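Working notes, beginning with the structure itself.
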Amino acid sequence: MKKTLPIGKQDFRIIREKNNYYVDKTLLIQEFLERDAAVTLVTRPRRFGKTLGMSMLAEFLDITKDAGDIFEGTRIMETVYAQRMNKAPVIFISFKDCKGSSSTFLISLLYDSLKSLLDEYTEIIRDKKVSDTVRYDLKRLYPELNESGDDLALLSNCPYKLSKALYEYYGIRPYILIDEYDTPFIEAHVNGYYAKVYDVLATLLRTALKDNEYLNASMLTGIQRVAKENIFSDLNNLLVCTVKDPEYADCFGFTNREVGVLLNYYGLELDEHVKEMYDGYRFGGVEIYNPWSVINYANRKCLELFWVNTSSNIMVKKAISSADQSFLGSYETLMESGEVSVVADIQTSFYEEKSSASLWGLLINAGYVTIQNVIRNNKYVLRIPNGEVRETFKALTAHYLHVGSNQLEVLATALMEKDIETFEQIYREILLSLPSYHDLIKRDRESSYHMMMLGMCVCLSDIYEIKSNRESGKGRSDILMISRRKENPHIIMEFKYTDRTNHNLEALAKEAIAQIENLQYAHGLNGEIIYIGLAHYQKEAKVEYRIVSQGIFSGA
């Protein structure tokens, strides 16, 4: 009987005891123990196995566990580090579920997480080996939490106090493992109560990691580094491992070999279609797949969209809505070609420093783009990693344009199928649905309509090579879409705008068609070609088109 896939399971012990399929990542333990950094922070996007990895690390280290059976046959047991199994106390906290629309609710979730942690050590906390002051402070956390200063101070000092209690009881310094440490920070930022909970969160981390003489070592995981809040300052041995760094490169996510073995086990093949949909990430120079997507594909045996990135998705949408013109220009390039060269700051979270560089850093850390090349220091060539993420960009672009992603999809389909009447109808509906005419002129008038059309083009980037404002023929076409398939036409679009009240949009749209012809924007293309002229006056639009055929189709 084949092993079942661990869909939705993030507990290492449960996966091993139920004999689920497990991709062996136990050498993460060896790397952690060998590096021996005081505090290690590993940043990875959602759905890349951070919680499972931390659960595994906790099971291996924890002195209160007997983990021999669940680690039997794993790679870590072939190393000298096997003898260090279950030899030290562990404080394992996961903040992945600490989400809420209000500060009160978030604090209550933090309290519940820490209360559950204390429940594991009730007997130890009550033991006479633990000093009276520590025992008293920890026991005070058991009543219902209110928002008085004393209670919040107790809450924020809980990991520190517990580490002291464990050291006093065992005579061994504990490890502190904090999974998804930045989730409460992200939630507080997204929902507008960051100032109300910052002190609790910052003090909790600072006292546990920076001012803790009882700490053995610590590992944290999250999406991004909270850099400027004085949380990690003065740590003498802090190791920050981002997606560009070599440390732990293959410990989160699946390698090409691991995906091939997994799919073969379930009677599937790692072909180009699977690679195009789920491959494309590079962590520390290693080719990595999103494990959540691969496991779900193996389960359903169908290429579907599985990547869901809820909290960071909301944050990214808010960030893009307030982005500056420098970012938007590069964003257009990314949509057009699938890659872009930018300055990106992956060491600072966007809500700490709102800049184009930190926003690109957020997109990297959250998994929307991956680093193709490092040019120098903070200068990178970024690209959209795969087809699954490309679909997510449709929703981001639609959000920026204040339109529904389904509208962009219908617009793109009508264009590809040469249904210009439907294309014009949906295009006009989109213009009318925008909150204000001024949303169309954030930069200049023609390029604003151009940006909206590029939002539509991202829906077709797997079928068309998109070129924007590139030299073609005797000039520069606004948008040139070169079909990769024989059955789909090439498309050339030219935009026109007038501010005259006595305008003639039909004539202006025909002028755009004439420009395409006169400047020979179709030079070098073979096969069926649609010339499209789009004329605008505020929210009014007129579309003219002409279908021509030249030469023999040769593709992009």
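We name chains A, B, ... following the order of the structure tokens; residues begin at 1 in each chain, and ligands are numbered from 1 as shown.
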Per-residue nearest contacts of region 10-55 of chain A to region 86-103 of chain A (12 Å; only C-alpha atoms) as JSON lines:
{"residue": "A:Gln10", "atom": "CA", "partner": "A:Lys96", "partner_atom": "CA", "distance": 11.3}
{"residue": "A:Asp11", "atom": "CA", "partner": "A:Ser94", "partner_atom": "CA", "distance": 11.6}
{"residue": "A:Arg46", "atom": "CA", "partner": "A:Lys96", "partner_atom": "CA", "distance": 10.0}
{"residue": "A:Arg47", "atom": "CA", "partner": "A:Lys96", "partner_atom": "CA", "distance": 11.4}
{"residue": "A:Lys50", "atom": "CA", "partner": "A:Lys96", "partner_atom": "CA", "distance": 10.1}
{"residue": "A:Thr51", "atom": "CA", "partner": "A:Ser94", "partner_atom": "CA", "distance": 7.8}
{"residue": "A:Leu52", "atom": "CA", "partner": "A:Ser94", "partner_atom": "CA", "distance": 10.9}
{"residue": "A:Gly53", "atom": "CA", "partner": "A:Ser94", "partner_atom": "CA", "distance": 11.9}
{"residue": "A:Met54", "atom": "CA", "partner": "A:Phe92", "partner_atom": "CA", "distance": 8.2}
{"residue": "A:Ser55", "atom": "CA", "partner": "A:Phe92", "partner_atom": "CA", "distance": 8.1}
Using only C-alpha atoms, please write the residues we just selected to a file, as a tab-separated table (two decimals), in the first residue's frame.
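Once everything was written out, this is part.tsv:
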chain	number	residue	atom	x	y	z
A	10	GLN	CA	2.66	20.28	9.81
A	11	ASP	CA	3.45	18.12	12.85
A	46	ARG	CA	4.44	30.84	3.14
A	47	ARG	CA	3.79	27.17	2.34
A	50	LYS	CA	8.79	26.17	7.87
A	51	THR	CA	6.38	24.89	10.54
A	52	LEU	CA	7.11	21.23	9.74
A	53	GLY	CA	10.84	21.89	9.86
A	54	MET	CA	10.59	23.58	13.24
A	55	SER	CA	8.36	20.80	14.57
Requested in this report: Step one, run DSSP on the backbone; step two, keep only residues of region 314-422 of chain A assigned to alpha helix (DSSP H); then write them as a VMD selection string.
Outcome: chain A and resid 314 to 321 325 to 337 356 to 365 387 to 401 405 to 416 420 to 422
**Report entry** Close residues, region 76-84 of chain A itself excluded, 9 Å, only C-alpha atoms, min 5 positions apart in chain, as JSON, numbers by chain
**Finding:** {"A": [25, 26, 27, 28, 29, 30, 33, 60, 61, 71]}
Pull N, CA, C and O atoms from the residues just selected and write them as a short mmCIF file (atom, residue, chain, number, x, y, z; two decimals), in the first residue's frame.
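The resulting result30.cif:
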data_model
loop_
_atom_site.label_atom_id
_atom_site.label_comp_id
_atom_site.auth_asym_id
_atom_site.auth_seq_id
_atom_site.Cartn_x
_atom_site.Cartn_y
_atom_site.Cartn_z
N LYS A 25 14.14 15.98 5.45
CA LYS A 25 14.82 17.26 5.64
C LYS A 25 15.57 17.30 6.98
O LYS A 25 15.85 18.37 7.51
N THR A 26 15.88 16.12 7.52
CA THR A 26 16.45 16.07 8.87
C THR A 26 17.86 16.63 8.96
O THR A 26 18.34 16.91 10.07
N LEU A 27 18.55 16.80 7.83
CA LEU A 27 19.89 17.39 7.92
C LEU A 27 19.84 18.87 8.27
O LEU A 27 20.88 19.49 8.53
N LEU A 28 18.65 19.45 8.31
CA LEU A 28 18.48 20.78 8.89
C LEU A 28 19.01 20.78 10.33
O LEU A 28 19.62 21.75 10.79
N ILE A 29 18.76 19.68 11.04
CA ILE A 29 19.22 19.56 12.44
C ILE A 29 20.74 19.62 12.50
O ILE A 29 21.31 20.32 13.34
N GLN A 30 21.40 18.89 11.62
CA GLN A 30 22.87 18.90 11.59
C GLN A 30 23.39 20.30 11.32
O GLN A 30 24.32 20.76 11.99
N LEU A 33 22.98 22.54 14.42
CA LEU A 33 23.91 22.23 15.51
C LEU A 33 25.34 22.56 15.12
O LEU A 33 26.13 23.02 15.96
N PHE A 60 13.41 16.51 17.85
CA PHE A 60 14.76 15.94 17.97
C PHE A 60 15.47 16.43 19.22
O PHE A 60 16.14 15.64 19.91
N LEU A 61 15.36 17.69 19.54
CA LEU A 61 16.14 18.27 20.63
C LEU A 61 15.52 18.06 22.00
O LEU A 61 16.24 17.93 23.00
N PHE A 71 12.44 9.09 14.19
CA PHE A 71 13.62 9.46 13.39
C PHE A 71 14.33 8.24 12.79
O PHE A 71 15.32 8.40 12.09
#
Query - All strand (DSSP E) positions in region 85-256 of chain A, as a PyMOL selection string - result: chain A and resi 90-94+175-179+217-222+238-241+254-255
Requested in this report: Quick one: everything within 10 Å of Asp499 (chain A), counting only C-alpha atoms, minus sequence neighbours fewer than 4 positions away in the same chain. Send it as a count of residues only.
Outcome: 5
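CA of His399 (chain A) is found 16.5 Å from CA of Ala412 (chain A).
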Spatial neighbours of Phe32 (chain A), 10 Å, only C-alpha atoms, chain gap at least 2 places, as a compact mmCIF listing (two decimals) with C-alpha atoms, in the first residue's frame:
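Contents of result_26.txt, freshly written:
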# COMPACT_ATOMS: atom_id res chain seq x y z
CA LEU A 27 19.89 17.39 7.92
CA LEU A 28 18.48 20.78 8.89
CA ILE A 29 19.22 19.56 12.44
CA GLN A 30 22.87 18.90 11.59
CA GLU A 34 27.08 22.65 13.43
CA ARG A 35 26.63 26.37 12.89
CA ASP A 36 25.92 26.92 16.58
CA ALA A 37 24.72 30.50 16.06
CA THR A 40 19.28 31.99 13.57
CA LEU A 57 13.78 20.26 15.16
CA ALA A 217 20.54 28.77 21.01
CA SER A 218 17.49 29.83 19.05
CA MET A 219 15.96 29.48 15.61
CA GLU A 247 22.63 28.60 4.61
CA TYR A 248 19.68 26.17 4.88
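Picture a line from CA of Lys379 (chain A) to CA of Ser341 (chain A); it runs 7.2 Å.
Using only C-alpha atoms for every distance, the candidate list A:Ile14, A:Ile176, A:Val23, A:Ala249 yields A:Val23 as the residue closest to Val261 (chain A).
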Query raised in the report: Can you tell me, as a PyMOL selection string, what residues are no more than 9 Å from region 347-360 of chain A when counting only C-alpha atoms, ignoring any on the same chain fewer than 4 positions away?
Result: chain A and resi 186+189+224-229+240+242+315-316+319-320+323-328+342-343+364-365+369+378
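Using only C-alpha atoms, the shortest contact distance between Val274 (chain A) and any of A:Tyr21, A:Thr203, A:Ser337, A:Glu388 is found at A:Glu388.
Among A:Arg126, A:Glu276, A:Arg44, A:Ile314, the residue with the shortest atom-to-atom distance to Asp245 (chain A), counting only C-alpha atoms, is A:Arg44.
Our summary of the geometry notes that CA of Asn264 (chain A) is positioned 18.8 Å from CA of Glu287 (chain A).
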Query raised in the report: Residues at most 12 Å from region 406-411 of chain A, counting only C-alpha atoms, excluding those fewer than 6 positions away in the same chain, as a ChimeraX atom specification?
Result: /A:391,393-399,417-431,433,452-461
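Take the candidates A:Leu106, A:Leu205, A:Leu270, A:Ala67 and check each one against Lys301 (chain A) using only C-alpha atoms; the shortest distance goes to A:Leu270.
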